[in-house]
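Following: one structure in structure tokens, then a few remarks.
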Amino acid sequence: MGDSNKDTSGVAAGSNSAMAIEHAFYEFIERQSFVYSFLTKFAGISLTSLVKKSSGLDLINKGKYYINDISIVPNVSVIIFIYWTEQHFSMGLGCHKDQYQAFLKAFKEASGFGSHLFPNVEKEELSFEAFFASQEDTRHAYTDYFEKHVSLKVLLQAYDYLTFAECAGNWTTRDQAFSIEDIFAASKHLDIPISLQKLETASATNFGRLVRVYSAEGFPSINNIKIDPRNYKISYFKDKNQLFPNEGNYLPFP
């Protein structure tokens with residue numbers, strides 16, 4: 001993320017065009033749901049009780065966590081996973097048509113940041129704006145700020161609204177096969193145009209195909225400080241009088 005206030009939301013690679021489009025679409029829906037959830041304090045559906053019942057997940061049950069489906073479209077799940085113990089913490093996002101697969105992706109991401117968990121220690125208090133302004137190279141400012149200045153206390157305060165989610169009774173299962181119809185369905189539900197763009201870059205040569213899924217009416221970045229939600233139609237897909245209690249606040253993410 002740099003001065004242009006753009007990031008890789010909605011950009012993904014694949015060995016073929018179909019795979020690249022699927023991955024880019026998931027990336028787009030994941031980031032749009034993430035920003036919308038934070039801006040509006042939309043807690044989604046809690047899956048915590050379901051995970052506690054699942055076998056093979058004893059490790060995370062040694063700590064505390066939020067596991068919420070915050071998707072803003074009905075045909076895809078977006079999971080936010082925040083995990084903490086007395087020693088460390090982490091978080092991740094995952095998106096997939098199958099809800100449990102989305103959870104596993106979020107769990108994997110939370111487990112993989114720098115091959116370590118973030119230590120649960122006190123950190124220097126500094127606003128993101130002040131930190132960003134002090135950086136000569138802002139390409140990694142968002143990640144660097146999280147590592148240096150986001151403590152567990154700050155993280156949990158930012159996401160305290162997740163505690164108000166209703167609890168799911170069962171995992172939501174869907175046909176896992178992605179099709180272009182999933183993009184049309186999301187576009188209709190959110191009442192925004194969703195576009196595809198094939199990217200011709202050195203990265204595309206290395207990865208096979210590189211695709212961007214985007215919308216001029218969707219959030220351009222997860223840098224919530226720079227977003228005026230009134231400028232984007234997606235902000236009002238659910239309620240034309242939508243309020244934004246987290247407007248202008250830093251959205252913590254590694």
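How things are named: the first chain in the structure tokens is A, the next is B, and so on; residues count from 1 in each chain; ligands count from 1 in the order shown.
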
>> Which of range 20-223 of chain A end up as alpha helix (DSSP H) when DSSP is run on this backbone - answer as a PyMOL selection string?
In response: chain A and resi 20-40+48-53+99-112+128-133+141-149+152-158+180-190+202-207

>> Need the shell around His96 in chain A: protein/DNA/RNA residues with any atom at most 7 Å away, counting only C-alpha atoms. Skip same-chain ones fewer than 3 positions apart. Format as a PyMOL selection string?
In response: chain A and resi 26+76-78+99+101-102

> Which one is closest to Ala43 in chain A: A:Tyr83, A:Phe128, A:Tyr66, A:Phe89? Count only C-alpha atoms.
Replying inline: A:Tyr66

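For the pair CA of His88 in chain A and CA of Leu155 in chain A, the separation is 12.1 Å.
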
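Residues surrounding Tyr232 in chain A within 9 Å are Ala216, Glu217, Gly218 and Phe219 of chain A [only C-alpha atoms; sequence separation below 5 positions excluded].
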
>> I want to know what sits within 6 Å of Leu93 in chain A, based on only C-alpha atoms, with residues of the same chain fewer than 6 positions away left out; could you give that as a VMD selection string?
In response: chain A and resid 79 to 80 106

>> List the spatial neighbours of Asn249 in chain A as a PyMOL selection string - criterion: any atom at most 6 Å away, only C-alpha atoms, same-chain residues fewer than 2 positions off excluded.
In response: chain A and resi 225+246-247

Resulting file, chosen residues, C-alpha atoms, as an mmCIF file, in the first residue's frame:
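Result saved to out11.cif:
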data_model
loop_
_atom_site.group_PDB
_atom_site.id
_atom_site.type_symbol
_atom_site.label_atom_id
_atom_site.label_comp_id
_atom_site.auth_asym_id
_atom_site.auth_seq_id
_atom_site.Cartn_x
_atom_site.Cartn_y
_atom_site.Cartn_z
ATOM 1 C CA ILE A 225 -8.617 6.149 7.147
ATOM 2 C CA ASN A 246 -15.942 3.269 12.355
ATOM 3 C CA GLU A 247 -15.536 5.895 9.667
#

> Mind pulling up the distance from CA of Thr85 in chain A to CA of Leu117 in chain A?
Replying inline: 10.3 Å

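Using only C-alpha atoms, the nearest neighbour of Lys226 in chain A within the list A:Asp175, A:Asp137, A:Glu166, A:Glu129 is A:Glu129.
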
> Tyr250 in chain A: which residues within 12 Å, counting only C-alpha atoms, same-chain residues fewer than 3 positions away excluded, as a PyMOL selection string?
Replying inline: chain A and resi 35+38-39+126-132+142+145-146+149-150+154-155+157-159+222-227+246-247+253

Resulting file, chosen residues, N, CA, C and O atoms, as a compact mmCIF listing (two decimals), in the first residue's frame:
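Full text of again17.txt as output:
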# COMPACT_ATOMS: atom_id res chain seq x y z
N VAL A 35 -13.98 -4.56 4.77
CA VAL A 35 -14.08 -3.12 4.97
C VAL A 35 -15.50 -2.74 5.39
O VAL A 35 -15.70 -1.95 6.33
N PHE A 38 -16.18 -3.66 9.06
CA PHE A 38 -15.54 -2.75 10.01
C PHE A 38 -16.21 -1.38 10.02
O PHE A 38 -16.50 -0.82 11.08
N LEU A 39 -16.46 -0.83 8.84
CA LEU A 39 -17.07 0.50 8.74
C LEU A 39 -18.40 0.57 9.48
O LEU A 39 -18.70 1.53 10.19
N LEU A 126 0.97 4.94 18.87
CA LEU A 126 1.23 5.91 17.82
C LEU A 126 0.14 5.76 16.78
O LEU A 126 -0.20 4.64 16.38
N SER A 127 -0.44 6.85 16.33
CA SER A 127 -1.51 6.78 15.34
C SER A 127 -0.95 6.30 14.00
O SER A 127 0.23 6.54 13.68
N PHE A 128 -1.80 5.67 13.22
CA PHE A 128 -1.37 5.22 11.90
C PHE A 128 -1.00 6.40 11.02
O PHE A 128 -0.04 6.34 10.25
N GLU A 129 -1.74 7.51 11.13
CA GLU A 129 -1.44 8.69 10.32
C GLU A 129 -0.04 9.21 10.60
O GLU A 129 0.72 9.53 9.67
N ALA A 130 0.33 9.26 11.90
CA ALA A 130 1.66 9.76 12.26
C ALA A 130 2.75 8.80 11.78
O ALA A 130 3.80 9.23 11.29
N PHE A 131 2.49 7.51 11.93
CA PHE A 131 3.46 6.51 11.47
C PHE A 131 3.65 6.59 9.95
O PHE A 131 4.78 6.58 9.45
N PHE A 132 2.54 6.66 9.23
CA PHE A 132 2.59 6.70 7.77
C PHE A 132 3.37 7.93 7.29
O PHE A 132 4.18 7.85 6.37
N TYR A 142 1.50 -0.44 6.07
CA TYR A 142 0.36 -1.05 6.77
C TYR A 142 0.83 -2.24 7.60
O TYR A 142 0.48 -2.38 8.77
N TYR A 145 3.22 -1.12 10.50
CA TYR A 145 2.51 -0.48 11.61
C TYR A 145 1.86 -1.52 12.51
O TYR A 145 1.90 -1.42 13.74
N PHE A 146 1.24 -2.54 11.91
CA PHE A 146 0.59 -3.58 12.70
C PHE A 146 1.60 -4.27 13.61
O PHE A 146 1.35 -4.48 14.80
N HIS A 149 2.95 -1.46 16.33
CA HIS A 149 2.11 -0.61 17.16
C HIS A 149 0.73 -1.18 17.50
O HIS A 149 -0.02 -0.55 18.24
N VAL A 150 0.39 -2.35 16.96
CA VAL A 150 -0.92 -2.93 17.28
C VAL A 150 -0.72 -4.04 18.32
O VAL A 150 -0.20 -5.11 18.01
N VAL A 154 -5.29 -3.33 21.63
CA VAL A 154 -5.77 -2.47 20.55
C VAL A 154 -6.60 -3.28 19.56
O VAL A 154 -7.67 -2.84 19.10
N LEU A 155 -6.13 -4.49 19.24
CA LEU A 155 -6.83 -5.34 18.27
C LEU A 155 -8.23 -5.70 18.77
O LEU A 155 -9.21 -5.59 18.02
N GLN A 157 -10.05 -4.22 21.03
CA GLN A 157 -10.91 -3.04 21.12
C GLN A 157 -11.49 -2.69 19.74
O GLN A 157 -12.66 -2.32 19.64
N ALA A 158 -10.68 -2.84 18.71
CA ALA A 158 -11.13 -2.50 17.36
C ALA A 158 -12.21 -3.45 16.87
O ALA A 158 -13.13 -3.04 16.14
N TYR A 159 -12.13 -4.71 17.28
CA TYR A 159 -13.06 -5.72 16.79
C TYR A 159 -14.05 -6.19 17.85
O TYR A 159 -14.64 -7.26 17.72
N ILE A 222 -8.10 -1.33 1.86
CA ILE A 222 -8.49 -1.58 3.25
C ILE A 222 -8.01 -0.46 4.17
O ILE A 222 -8.25 -0.51 5.37
N ASN A 223 -7.37 0.55 3.60
CA ASN A 223 -6.94 1.69 4.41
C ASN A 223 -8.15 2.57 4.70
O ASN A 223 -8.43 3.55 4.01
N ASN A 224 -8.88 2.20 5.75
CA ASN A 224 -10.14 2.83 6.08
C ASN A 224 -10.01 4.32 6.38
O ASN A 224 -10.96 5.08 6.22
N ILE A 225 -8.83 4.75 6.81
CA ILE A 225 -8.62 6.15 7.15
C ILE A 225 -8.82 7.05 5.93
O ILE A 225 -9.28 8.19 6.04
N LYS A 226 -8.51 6.52 4.75
CA LYS A 226 -8.60 7.32 3.54
C LYS A 226 -9.92 7.14 2.79
O LYS A 226 -10.12 7.72 1.73
N ILE A 227 -10.82 6.32 3.33
CA ILE A 227 -12.06 6.01 2.63
C ILE A 227 -13.21 6.88 3.14
O ILE A 227 -13.47 6.91 4.35
N ASN A 246 -17.40 3.36 12.38
CA ASN A 246 -15.94 3.27 12.35
C ASN A 246 -15.32 4.12 11.25
O ASN A 246 -14.14 3.91 10.90
N GLU A 247 -16.07 5.05 10.73
CA GLU A 247 -15.54 5.90 9.67
C GLU A 247 -14.29 6.63 10.14
O GLU A 247 -14.27 7.23 11.22
N PHE A 253 -4.97 -4.84 10.42
CA PHE A 253 -4.73 -6.07 9.66
C PHE A 253 -3.26 -6.18 9.34
O PHE A 253 -2.63 -5.19 8.98

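Coordinates place CA of Tyr36 in chain A at a distance of 27.3 Å from CA of Gly63 in chain A.
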
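Residues in contact with Ser37 in chain A at 9 Å, where only C-alpha atoms are counted and same-chain residues fewer than 5 positions away are skipped, are listed as Gln32, Phe42, Ala43, Gly44, Ile70, Ser71 and Ile72 of chain A.
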